[in-house]
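The file entry-v7.pdb comes next; it holds PDB, C-alpha atoms.
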ATOM      1  CA  MET P 264      36.541 -35.890  21.065
ATOM      2  CA  LEU P 265      33.732 -34.669  18.843
ATOM      3  CA  ALA P 266      30.033 -35.388  18.458
ATOM      4  CA  PHE P 267      27.770 -34.062  15.729
ATOM      5  CA  VAL P 268      24.244 -33.210  16.869
ATOM      6  CA  PHE P 269      21.192 -32.215  14.875
ATOM      7  CA  PRO P 270      18.413 -29.769  15.848
ATOM      8  CA  GLY P 271      14.694 -30.453  16.186
ATOM      9  CA  GLN P 272      11.463 -28.600  15.613
ATOM     10  CA  GLY P 273      11.433 -24.981  16.713
ATOM     11  CA  SER P 274      14.779 -24.183  15.059
ATOM     12  CA  GLN P 275      13.170 -23.463  11.683
ATOM     13  CA  ALA P 276      13.256 -19.968  10.154
ATOM     14  CA  VAL P 277      12.377 -18.696   6.688
ATOM     15  CA  GLY P 278      15.585 -18.419   4.656
ATOM     16  CA  MET P 279      17.413 -21.233   6.453
ATOM     17  CA  GLY P 280      19.884 -23.047   4.199
ATOM     18  CA  LYS P 281      19.601 -20.560   1.341
ATOM     19  CA  ALA P 282      23.103 -19.118   1.773
ATOM     20  CA  LEU P 283      24.527 -22.642   1.908
ATOM     21  CA  ALA P 284      22.750 -23.514  -1.346
ATOM     22  CA  GLU P 285      24.049 -20.365  -3.027
ATOM     23  CA  ALA P 286      27.630 -20.949  -1.875
ATOM     24  CA  PHE P 287      28.096 -24.711  -2.179
ATOM     25  CA  ALA P 288      27.153 -27.279  -4.828
ATOM     26  CA  PRO P 289      26.904 -30.190  -2.309
ATOM     27  CA  ALA P 290      24.242 -28.227  -0.398
ATOM     28  CA  ARG P 291      22.295 -27.535  -3.590
ATOM     29  CA  ALA P 292      22.395 -31.256  -4.407
ATOM     30  CA  VAL P 293      20.836 -32.107  -1.018
ATOM     31  CA  PHE P 294      18.007 -29.589  -1.448
ATOM     32  CA  ASP P 295      17.333 -30.781  -5.009
ATOM     33  CA  GLU P 296      17.160 -34.391  -3.836
ATOM     34  CA  VAL P 297      14.745 -33.549  -0.998
ATOM     35  CA  ASP P 298      12.484 -31.604  -3.392
ATOM     36  CA  ALA P 299      12.529 -34.554  -5.802
ATOM     37  CA  ALA P 300      11.816 -37.089  -3.038
ATOM     38  CA  LEU P 301       8.771 -35.110  -1.883
ATOM     39  CA  GLY P 302       7.607 -34.274  -5.411
ATOM     40  CA  GLU P 303       7.311 -30.600  -4.550
ATOM     41  CA  LYS P 304       9.443 -27.509  -3.979
ATOM     42  CA  LEU P 305       9.874 -27.617  -0.214
ATOM     43  CA  THR P 306      12.816 -25.252  -0.772
ATOM     44  CA  ALA P 307      10.398 -22.554  -1.990
ATOM     45  CA  VAL P 308       8.577 -22.708   1.367
ATOM     46  CA  MET P 309      11.901 -22.761   3.237
ATOM     47  CA  TRP P 310      13.365 -19.753   1.469
ATOM     48  CA  GLU P 311      10.309 -17.646   0.666
ATOM     49  CA  GLY P 312       7.850 -18.601   3.396
ATOM     50  CA  PRO P 313       5.316 -17.744   4.597
ATOM     51  CA  SER P 314       6.553 -18.763   8.038
ATOM     52  CA  GLU P 315       3.111 -20.232   8.963
ATOM     53  CA  LYS P 316       3.545 -22.723   6.123
ATOM     54  CA  LEU P 317       7.129 -23.585   7.082
ATOM     55  CA  THR P 318       6.067 -24.084  10.708
ATOM     56  CA  LEU P 319       3.521 -26.768   9.725
ATOM     57  CA  THR P 320       4.944 -29.950  11.211
ATOM     58  CA  GLU P 321       4.838 -31.817   7.888
ATOM     59  CA  ASN P 322       7.049 -29.098   6.337
ATOM     60  CA  ALA P 323       9.249 -28.162   9.290
ATOM     61  CA  GLN P 324      10.458 -31.718   9.882
ATOM     62  CA  PRO P 325      11.846 -32.531   6.395
ATOM     63  CA  ALA P 326      13.022 -28.911   5.991
ATOM     64  CA  LEU P 327      15.137 -28.958   9.146
ATOM     65  CA  MET P 328      16.624 -32.300   8.131
ATOM     66  CA  ALA P 329      17.455 -30.910   4.666
ATOM     67  CA  VAL P 330      19.379 -27.976   6.148
ATOM     68  CA  SER P 331      21.259 -30.292   8.524
ATOM     69  CA  LEU P 332      22.235 -32.671   5.722
ATOM     70  CA  ALA P 333      23.186 -29.814   3.409
ATOM     71  CA  ALA P 334      25.492 -28.401   6.096
ATOM     72  CA  MET P 335      26.918 -31.875   6.777
ATOM     73  CA  ARG P 336      27.684 -32.509   3.092
ATOM     74  CA  VAL P 337      29.413 -29.116   2.905
ATOM     75  CA  LEU P 338      31.553 -29.961   5.945
ATOM     76  CA  GLU P 339      32.510 -33.230   4.263
ATOM     77  CA  ALA P 340      33.358 -31.583   0.923
ATOM     78  CA  GLU P 341      34.918 -28.331   2.147
ATOM     79  CA  ALA P 342      36.468 -29.234   5.487
ATOM     80  CA  GLY P 343      37.257 -32.906   4.886
ATOM     81  CA  VAL P 344      35.031 -34.116   7.719
ATOM     82  CA  ASN P 345      34.694 -37.880   7.858
ATOM     83  CA  LEU P 346      32.157 -38.930  10.481
ATOM     84  CA  LYS P 347      33.553 -42.427  10.872
ATOM     85  CA  ARG P 348      37.031 -41.068  11.550
ATOM     86  CA  ASP P 349      36.243 -37.781  13.300
ATOM     87  CA  ALA P 350      33.141 -38.349  15.428
ATOM     88  CA  LYS P 351      32.600 -40.440  18.511
ATOM     89  CA  PHE P 352      28.787 -40.160  18.262
ATOM     90  CA  VAL P 353      25.917 -38.527  16.417
ATOM     91  CA  ALA P 354      22.597 -37.606  18.009
ATOM     92  CA  GLY P 355      19.573 -35.463  17.233
ATOM     93  CA  HIS P 356      16.704 -33.856  19.111
ATOM     94  CA  SER P 357      13.434 -35.572  18.147
ATOM     95  CA  LEU P 358      13.225 -35.281  14.337
ATOM     96  CA  GLY P 359      16.976 -34.507  14.507
ATOM     97  CA  GLU P 360      17.544 -38.188  15.239
ATOM     98  CA  TYR P 361      16.522 -38.853  11.630
ATOM     99  CA  SER P 362      19.029 -36.220  10.463
ATOM    100  CA  ALA P 363      21.709 -37.935  12.571
ATOM    101  CA  LEU P 364      20.885 -41.317  11.032
ATOM    102  CA  ALA P 365      20.974 -39.882   7.505
ATOM    103  CA  ALA P 366      24.291 -38.136   8.207
ATOM    104  CA  ALA P 367      25.742 -41.416   9.495
ATOM    105  CA  GLY P 368      24.617 -43.362   6.418
ATOM    106  CA  SER P 369      21.926 -45.389   8.185
ATOM    107  CA  LEU P 370      19.058 -43.889   6.156
ATOM    108  CA  ALA P 371      19.124 -42.676   2.543
ATOM    109  CA  LEU P 372      18.433 -38.952   2.132
ATOM    110  CA  ALA P 373      15.312 -39.395  -0.036
ATOM    111  CA  ASP P 374      13.885 -41.985   2.375
ATOM    112  CA  THR P 375      14.557 -39.656   5.323
ATOM    113  CA  ALA P 376      12.712 -36.786   3.655
ATOM    114  CA  ARG P 377       9.672 -38.981   2.956
ATOM    115  CA  LEU P 378       9.732 -40.510   6.452
ATOM    116  CA  LEU P 379       9.732 -37.067   8.043
ATOM    117  CA  ARG P 380       6.904 -35.866   5.824
ATOM    118  CA  THR P 381       4.927 -38.943   6.963
ATOM    119  CA  ARG P 382       5.946 -38.381  10.584
ATOM    120  CA  GLY P 383       4.950 -34.724  10.512
ATOM    121  CA  ARG P 384       1.554 -35.464   8.988
ATOM    122  CA  ALA P 385       0.882 -38.405  11.304
ATOM    123  CA  MET P 386       1.801 -36.413  14.415
ATOM    124  CA  GLN P 387      -0.465 -33.571  13.306
ATOM    125  CA  LEU P 388      -3.390 -35.904  12.588
ATOM    126  CA  ALA P 389      -3.027 -37.974  15.776
ATOM    127  CA  VAL P 390      -4.829 -35.399  17.928
ATOM    128  CA  PRO P 391      -7.527 -32.890  16.891
ATOM    129  CA  VAL P 392      -6.200 -29.315  16.855
ATOM    130  CA  GLY P 393      -6.740 -27.717  20.251
ATOM    131  CA  ALA P 394      -7.263 -31.005  22.113
ATOM    132  CA  GLY P 395      -3.651 -31.322  23.215
ATOM    133  CA  ALA P 396      -0.971 -28.955  24.495
ATOM    134  CA  MET P 397       2.661 -28.726  25.547
ATOM    135  CA  ALA P 398       4.173 -26.538  28.258
ATOM    136  CA  ALA P 399       7.725 -25.660  29.269
ATOM    137  CA  LEU P 400       8.415 -25.901  32.994
ATOM    138  CA  ILE P 401      11.616 -24.069  33.922
ATOM    139  CA  GLY P 402      13.508 -24.490  37.173
ATOM    140  CA  LEU P 403      12.300 -27.913  38.310
ATOM    141  CA  SER P 404      14.289 -31.141  38.033
ATOM    142  CA  PHE P 405      13.173 -33.864  35.636
ATOM    143  CA  GLU P 406      12.015 -35.987  38.577
ATOM    144  CA  GLU P 407       9.985 -33.095  39.971
ATOM    145  CA  VAL P 408       8.309 -32.585  36.594
ATOM    146  CA  VAL P 409       7.463 -36.304  36.344
ATOM    147  CA  ALA P 410       5.710 -35.940  39.725
ATOM    148  CA  VAL P 411       3.896 -32.781  38.539
ATOM    149  CA  ALA P 412       2.673 -34.613  35.408
ATOM    150  CA  ALA P 413       1.410 -37.535  37.511
ATOM    151  CA  GLU P 414      -0.422 -35.165  39.853
ATOM    152  CA  ALA P 415      -2.043 -33.372  36.893
ATOM    153  CA  GLY P 416      -3.835 -36.596  35.911
ATOM    154  CA  GLY P 417      -5.289 -37.339  32.480
ATOM    155  CA  VAL P 418      -2.693 -37.797  29.765
ATOM    156  CA  CYS P 419       0.259 -35.683  30.854
ATOM    157  CA  GLN P 420       3.866 -36.750  30.634
ATOM    158  CA  ALA P 421       7.382 -35.352  30.540
ATOM    159  CA  ALA P 422       8.019 -35.075  26.796
ATOM    160  CA  ASN P 423      11.412 -33.374  26.541
ATOM    161  CA  ASP P 424      14.149 -33.318  29.159
ATOM    162  CA  ASN P 425      16.133 -30.582  27.441
ATOM    163  CA  GLY P 426      18.628 -29.817  30.192
ATOM    164  CA  GLY P 427      19.492 -26.555  31.867
ATOM    165  CA  GLY P 428      16.426 -26.943  34.063
ATOM    166  CA  GLN P 429      13.989 -26.980  31.152
ATOM    167  CA  VAL P 430      11.501 -29.842  30.926
ATOM    168  CA  VAL P 431       8.495 -29.870  28.588
ATOM    169  CA  VAL P 432       5.254 -31.681  29.404
ATOM    170  CA  SER P 433       2.757 -32.855  26.811
ATOM    171  CA  GLY P 434      -0.753 -34.284  26.831
ATOM    172  CA  ASP P 435      -4.442 -33.370  27.073
ATOM    173  CA  LYS P 436      -4.883 -29.597  27.085
ATOM    174  CA  ALA P 437      -6.714 -29.547  30.425
ATOM    175  CA  ALA P 438      -4.104 -31.805  32.064
ATOM    176  CA  VAL P 439      -1.201 -29.703  30.754
ATOM    177  CA  GLU P 440      -2.904 -26.526  32.002
ATOM    178  CA  ARG P 441      -3.230 -28.170  35.426
ATOM    179  CA  ALA P 442       0.458 -29.125  35.313
ATOM    180  CA  VAL P 443       1.404 -25.476  34.667
ATOM    181  CA  GLU P 444      -0.464 -24.381  37.811
ATOM    182  CA  ILE P 445       0.929 -27.252  39.911
ATOM    183  CA  ALA P 446       4.478 -26.448  38.733
ATOM    184  CA  LYS P 447       4.082 -22.791  39.716
ATOM    185  CA  GLY P 448       2.962 -23.948  43.148
ATOM    186  CA  LYS P 449       6.065 -26.128  43.443
ATOM    187  CA  GLY P 450       8.414 -23.245  42.736
ATOM    188  CA  ALA P 451       8.993 -23.414  38.979
ATOM    189  CA  ARG P 452      10.709 -20.210  37.802
ATOM    190  CA  ARG P 453       8.505 -20.187  34.717
ATOM    191  CA  ALA P 454       5.703 -22.407  33.458
ATOM    192  CA  MET P 455       4.068 -21.590  30.159
ATOM    193  CA  LEU P 456       2.132 -23.180  27.333
ATOM    194  CA  LEU P 457       4.101 -23.514  24.088
ATOM    195  CA  PRO P 458       2.837 -22.441  20.641
ATOM    196  CA  VAL P 459       2.801 -25.948  19.139
ATOM    197  CA  SER P 460       0.248 -27.531  16.844
ATOM    198  CA  ALA P 461       0.095 -30.928  18.581
ATOM    199  CA  PRO P 462       1.130 -32.644  21.856
ATOM    200  CA  PHE P 463       4.328 -34.405  20.762
ATOM    201  CA  HIS P 464       6.096 -37.202  22.666
ATOM    202  CA  CYS P 465       3.174 -38.415  24.743
ATOM    203  CA  ALA P 466       0.728 -41.337  24.678
ATOM    204  CA  LEU P 467      -1.731 -39.355  22.509
ATOM    205  CA  MET P 468       0.758 -39.790  19.640
ATOM    206  CA  GLN P 469       0.222 -43.577  19.465
ATOM    207  CA  PRO P 470      -1.519 -43.374  16.030
ATOM    208  CA  ALA P 471       1.574 -41.580  14.709
ATOM    209  CA  ALA P 472       3.850 -44.232  16.238
ATOM    210  CA  ASP P 473       1.819 -46.896  14.414
ATOM    211  CA  ALA P 474       2.143 -44.940  11.159
ATOM    212  CA  MET P 475       5.929 -44.704  11.606
ATOM    213  CA  ALA P 476       6.220 -48.423  12.303
ATOM    214  CA  GLN P 477       4.542 -49.035   8.931
ATOM    215  CA  ALA P 478       6.619 -46.421   7.095
ATOM    216  CA  LEU P 479       9.933 -47.594   8.565
ATOM    217  CA  ALA P 480       9.163 -51.178   7.543
ATOM    218  CA  THR P 481       9.349 -50.090   3.892
ATOM    219  CA  VAL P 482      12.841 -48.528   3.935
ATOM    220  CA  SER P 483      16.348 -49.927   4.131
ATOM    221  CA  VAL P 484      18.110 -49.157   7.426
ATOM    222  CA  LYS P 485      21.865 -49.779   7.564
ATOM    223  CA  PRO P 486      24.200 -49.740  10.556
ATOM    224  CA  PRO P 487      25.370 -46.110  11.037
ATOM    225  CA  VAL P 488      29.096 -45.446  10.571
ATOM    226  CA  VAL P 489      29.228 -44.123  14.160
ATOM    227  CA  PRO P 490      26.927 -44.941  17.071
ATOM    228  CA  VAL P 491      23.713 -42.913  17.328
ATOM    229  CA  VAL P 492      22.756 -41.834  20.846
ATOM    230  CA  THR P 493      19.033 -42.389  20.679
ATOM    231  CA  ASN P 494      16.454 -40.112  22.376
ATOM    232  CA  VAL P 495      14.495 -42.785  24.210
ATOM    233  CA  LEU P 496      17.495 -44.620  25.697
ATOM    234  CA  ALA P 497      20.063 -41.814  25.957
ATOM    235  CA  GLN P 498      22.507 -44.569  24.958
ATOM    236  CA  PRO P 499      24.408 -45.335  21.729
ATOM    237  CA  ILE P 500      23.041 -47.979  19.355
ATOM    238  CA  GLN P 501      24.052 -49.272  15.903
ATOM    239  CA  ASP P 502      21.814 -52.276  15.183
ATOM    240  CA  PRO P 503      19.327 -51.462  12.368
ATOM    241  CA  ALA P 504      16.428 -53.400  13.926
ATOM    242  CA  GLU P 505      16.913 -51.591  17.226
ATOM    243  CA  ILE P 506      17.203 -48.218  15.446
ATOM    244  CA  VAL P 507      13.771 -48.788  13.892
ATOM    245  CA  ARG P 508      12.263 -49.895  17.197
ATOM    246  CA  ARG P 509      13.581 -46.817  19.015
ATOM    247  CA  LEU P 510      12.376 -44.441  16.272
ATOM    248  CA  VAL P 511       8.858 -45.842  16.720
ATOM    249  CA  GLU P 512       9.075 -45.539  20.529
ATOM    250  CA  GLN P 513      10.375 -41.990  20.189
ATOM    251  CA  VAL P 514       7.027 -40.714  18.855
ATOM    252  CA  THR P 515       5.304 -41.343  22.212
ATOM    253  CA  GLY P 516       8.429 -41.421  24.405
ATOM    254  CA  THR P 517      10.482 -38.818  26.233
ATOM    255  CA  VAL P 518      13.294 -37.015  24.406
ATOM    256  CA  ARG P 519      16.039 -37.614  26.975
ATOM    257  CA  TRP P 520      18.325 -34.894  25.641
ATOM    258  CA  ARG P 521      20.005 -33.937  28.930
ATOM    259  CA  GLU P 522      20.973 -37.551  29.572
ATOM    260  CA  SER P 523      22.046 -38.017  25.933
ATOM    261  CA  VAL P 524      24.505 -35.138  26.195
ATOM    262  CA  MET P 525      25.738 -36.465  29.564
ATOM    263  CA  THR P 526      26.274 -39.906  28.000
ATOM    264  CA  MET P 527      28.412 -38.386  25.242
ATOM    265  CA  ALA P 528      30.309 -36.087  27.613
ATOM    266  CA  SER P 529      31.060 -38.910  30.034
ATOM    267  CA  ALA P 530      32.472 -40.911  27.102
ATOM    268  CA  GLY P 531      34.946 -38.096  26.482
ATOM    269  CA  VAL P 532      33.161 -35.756  24.044
ATOM    270  CA  THR P 533      34.181 -32.146  24.702
ATOM    271  CA  THR P 534      32.997 -30.427  21.498
ATOM    272  CA  PHE P 535      29.474 -30.759  20.112
ATOM    273  CA  TYR P 536      28.943 -29.481  16.569
ATOM    274  CA  GLU P 537      25.293 -28.557  16.022
ATOM    275  CA  VAL P 538      24.763 -29.056  12.293
ATOM    276  CA  GLY P 539      21.838 -27.237  10.684
ATOM    277  CA  ALA P 540      19.466 -24.407  11.576
ATOM    278  CA  GLY P 541      19.713 -22.354  14.750
ATOM    279  CA  LYS P 542      21.778 -22.618  17.914
ATOM    280  CA  VAL P 543      19.372 -24.212  20.413
ATOM    281  CA  LEU P 544      21.402 -27.356  21.112
ATOM    282  CA  SER P 545      24.704 -25.458  21.353
ATOM    283  CA  GLY P 546      23.189 -23.353  24.124
ATOM    284  CA  LEU P 547      21.913 -26.435  25.964
ATOM    285  CA  VAL P 548      25.247 -28.285  25.754
ATOM    286  CA  LYS P 549      27.016 -25.622  27.809
ATOM    287  CA  ARG P 550      24.343 -25.822  30.509
ATOM    288  CA  ILE P 551      24.347 -29.632  30.649
ATOM    289  CA  ALA P 552      28.008 -30.682  30.475
ATOM    290  CA  ASP P 553      30.662 -28.759  32.429
ATOM    291  CA  GLY P 554      33.469 -27.607  30.175
ATOM    292  CA  ALA P 555      31.851 -28.828  26.954
ATOM    293  CA  THR P 556      31.527 -26.491  23.984
ATOM    294  CA  GLY P 557      28.640 -26.284  21.547
ATOM    295  CA  VAL P 558      29.376 -24.876  18.110
ATOM    296  CA  ALA P 559      26.611 -24.200  15.563
ATOM    297  CA  VAL P 560      27.380 -24.858  11.888
ATOM    298  CA  GLY P 561      24.584 -23.744   9.577
ATOM    299  CA  THR P 562      25.869 -20.907   7.370
ATOM    300  CA  PRO P 563      28.815 -20.319   5.003
ATOM    301  CA  ASP P 564      30.471 -18.189   7.722
ATOM    302  CA  ASP P 565      30.091 -21.066  10.201
ATOM    303  CA  VAL P 566      31.722 -23.417   7.689
ATOM    304  CA  ALA P 567      34.654 -20.990   7.265
ATOM    305  CA  ALA P 568      35.022 -20.735  11.059
ATOM    306  CA  PHE P 569      34.901 -24.538  11.355
ATOM    307  CA  LYS P 570      37.664 -24.877   8.752
ATOM    308  CA  SER P 571      39.942 -22.349  10.411
ATOM    309  CA  ALA P 572      39.341 -23.845  13.865
ATOM    310  CA  ARG P 573      40.167 -27.309  12.556
ATOM    311  CA  GLY P 574      43.126 -26.070  10.538
ATOM    312  CA  SER P 575      41.720 -27.508   7.330
TER
END

Could you render the structure as C-alpha cells?
Amino acid sequence: MLAFVFPGQGSQAVGMGKALAEAFAPARAVFDEVDAALGEKLTAVMWEGPSEKLTLTENAQPALMAVSLAAMRVLEAEAGVNLKRDAKFVAGHSLGEYSALAAAGSLALADTARLLRTRGRAMQLAVPVGAGAMAALIGLSFEEVVAVAAEAGGVCQAANDNGGGQVVVSGDKAAVERAVEIAKGKGARRAMLLPVSAPFHCALMQPAADAMAQALATVSVKPPVVPVVTNVLAQPIQDPAEIVRRLVEQVTGTVRWRESVMTMASAGVTTFYEVGAGKVLSGLVKRIADGATGVAVGTPDDVAAFKSARGS
C-alpha cells in the first residue's frame, strides 16, 4: 500500500522545481497558476533566489506547496498516478498538510497558494522577531521532551514530534533556552536552537490561528479523494468542516509526524512517496516504521525512477 506525503518548511532550496518546469508542461501550469494567484513571480524567487528571500516564511510556504503540486501533476500525467485508486492516505508536515489537501482535491491550487501566503505572513507577525525560538532536542522520547518543556516554564511546548528521536520545542526565547539546558542535563544527545524566524506550533501563534480561521472561512473545502492524516490528530479525516478546524488548530498545535507515519504504517502502508522538495520525510519514514520505504519524488530523474519502479 502507498501513501503520498508532502514536505514542510526547511526543505526549500533555490532552484527547486525548475527542472520539473523545464521538462513537463503540467509542472509549468502549476507554477504559472501559483504566480497568478499571488499576483507576483514567486517562481523568480524560487529559481533565482536570493535564498534569504526564499526562506522568508511567507515565500517558503507557498513555494514548497507549488513544487509538491507540480511534482504531483507530473506523476499523474506521466506515470498515470490516480490518488483515489493508488493511495491509501495523504499527509503533510505542517504546511505540507495544505499540499496534501490540494493534491487530494480538497483545496483549489490558487486558494492553497493564497492561504499559505496568509499563513506565512500571519505566523511571522504573531511574535516580534527575536522574542521566540525553536530548538531540536535529539535522543529523548516525546514524553521526556513534554516534561522538559513543562519544567522550562513560560511558553514552551513540544512543537514537532518528527520521529527518529527528534522532537522540536517552541516558545518564548528564554524558556526554549532553558529547555535546551534541561534536555542536556537529562541526557539528550544533542540540543540546539534552530535558525527559524518565529516560534511555530506553540501558543504564541494564536494570532496566526485566528487569521487562518478567517482565511479558511472564505474558501471552498471539499472532501479529499483519499483520507488526509492530519498533524494534530495523527488520524485520517475527510469531513470538510473538520479539515478546516484541524488546520486552524495546527498553527498552535503539535505536528504529530511520528504518530502520523505509525498510523499509516499500521494500516498497511509500506511505501511513502515524498512529493516535492528535499528528502527529509523519506529519511524519517525509515526511522519511524520498521520495513517501510520512503522515496523522494521532486526531479525529472525521480519521476523516471518512479515510472520504471511502477512499470508504467

Item to check | Residues matched by the PyMOL selection byres ((chain P and resi 303-307) around 9) as number ranges by chain | outcome: P: 280-281, 294-295, 297-302, 308-312, 317, 322, 325-326

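If you measure from each of P:Thr517, P:Ser314, P:Thr381, P:Gln469 to Val431 (chain P) using all atoms listed in the file, the closest one turns out to be P:Thr517.
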
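Restricting the calculation to all atoms listed in the file, the smallest distance between Ala472 (chain P) and any of P:Pro487, P:Gly383, P:Gly426, P:Val518 is found for P:Gly383.
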
Just want the 12 Å neighbourhood of Ala446 (chain P), counted on all atoms listed in the file, with same-chain residues fewer than 4 positions away dropped. Output as a tab-separated table (two decimals) with C-alpha atoms, in the coordinates of the input.
chain	number	residue	atom	x	y	z
P	398	ALA	CA	4.17	-26.54	28.26
P	399	ALA	CA	7.72	-25.66	29.27
P	400	LEU	CA	8.41	-25.90	32.99
P	401	ILE	CA	11.62	-24.07	33.92
P	402	GLY	CA	13.51	-24.49	37.17
P	403	LEU	CA	12.30	-27.91	38.31
P	404	SER	CA	14.29	-31.14	38.03
P	405	PHE	CA	13.17	-33.86	35.64
P	407	GLU	CA	9.98	-33.10	39.97
P	408	VAL	CA	8.31	-32.58	36.59
P	409	VAL	CA	7.46	-36.30	36.34
P	410	ALA	CA	5.71	-35.94	39.72
P	411	VAL	CA	3.90	-32.78	38.54
P	412	ALA	CA	2.67	-34.61	35.41
P	413	ALA	CA	1.41	-37.53	37.51
P	414	GLU	CA	-0.42	-35.16	39.85
P	415	ALA	CA	-2.04	-33.37	36.89
P	430	VAL	CA	11.50	-29.84	30.93
P	431	VAL	CA	8.49	-29.87	28.59
P	432	VAL	CA	5.25	-31.68	29.40
P	439	VAL	CA	-1.20	-29.70	30.75
P	440	GLU	CA	-2.90	-26.53	32.00
P	441	ARG	CA	-3.23	-28.17	35.43
P	442	ALA	CA	0.46	-29.12	35.31
P	450	GLY	CA	8.41	-23.24	42.74
P	451	ALA	CA	8.99	-23.41	38.98
P	452	ARG	CA	10.71	-20.21	37.80
P	453	ARG	CA	8.51	-20.19	34.72
P	454	ALA	CA	5.70	-22.41	33.46
P	455	MET	CA	4.07	-21.59	30.16

Next on the checklist: Since I can't run it myself right now, could you work out what the PyMOL selection byres ((chain P and resi 353) around 12) selects here and report it as a count of residues only?
Outcome noted: 51

Next on the checklist: Going by the chain IDs and residue numbers used in this file, which residues fall under the PyMOL selection byres ((chain P and resi 327) around 8)? Write them as an MDAnalysis selection string.
Outcome noted: chainID P and resid 270:272 274:275 323:326 328:331 359 539:540

Those same residues, written as a PDB file, in the coordinates of the input with C-alpha atoms?
ATOM      1  CA  PRO P 270      18.413 -29.769  15.848  1.00  0.00           C
ATOM      2  CA  GLY P 271      14.694 -30.453  16.186  1.00  0.00           C
ATOM      3  CA  GLN P 272      11.463 -28.600  15.613  1.00  0.00           C
ATOM      4  CA  SER P 274      14.779 -24.183  15.059  1.00  0.00           C
ATOM      5  CA  GLN P 275      13.170 -23.463  11.683  1.00  0.00           C
ATOM      6  CA  ALA P 323       9.249 -28.162   9.290  1.00  0.00           C
ATOM      7  CA  GLN P 324      10.458 -31.718   9.882  1.00  0.00           C
ATOM      8  CA  PRO P 325      11.846 -32.531   6.395  1.00  0.00           C
ATOM      9  CA  ALA P 326      13.022 -28.911   5.991  1.00  0.00           C
ATOM     10  CA  MET P 328      16.624 -32.300   8.131  1.00  0.00           C
ATOM     11  CA  ALA P 329      17.455 -30.910   4.666  1.00  0.00           C
ATOM     12  CA  VAL P 330      19.379 -27.976   6.148  1.00  0.00           C
ATOM     13  CA  SER P 331      21.259 -30.292   8.524  1.00  0.00           C
ATOM     14  CA  GLY P 359      16.976 -34.507  14.507  1.00  0.00           C
ATOM     15  CA  GLY P 539      21.838 -27.237  10.684  1.00  0.00           C
ATOM     16  CA  ALA P 540      19.466 -24.407  11.576  1.00  0.00           C
TER      17      ALA P 540
END

Next on the checklist: Given only C-alpha atoms as the basis, pick out the residue of P:Ala333, P:Gly273, P:Ala478, P:Met386 nearest to Leu544 (chain P).
Outcome noted: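 Looking at the shortest contact to Leu544 (chain P), the residue is P:Gly273.
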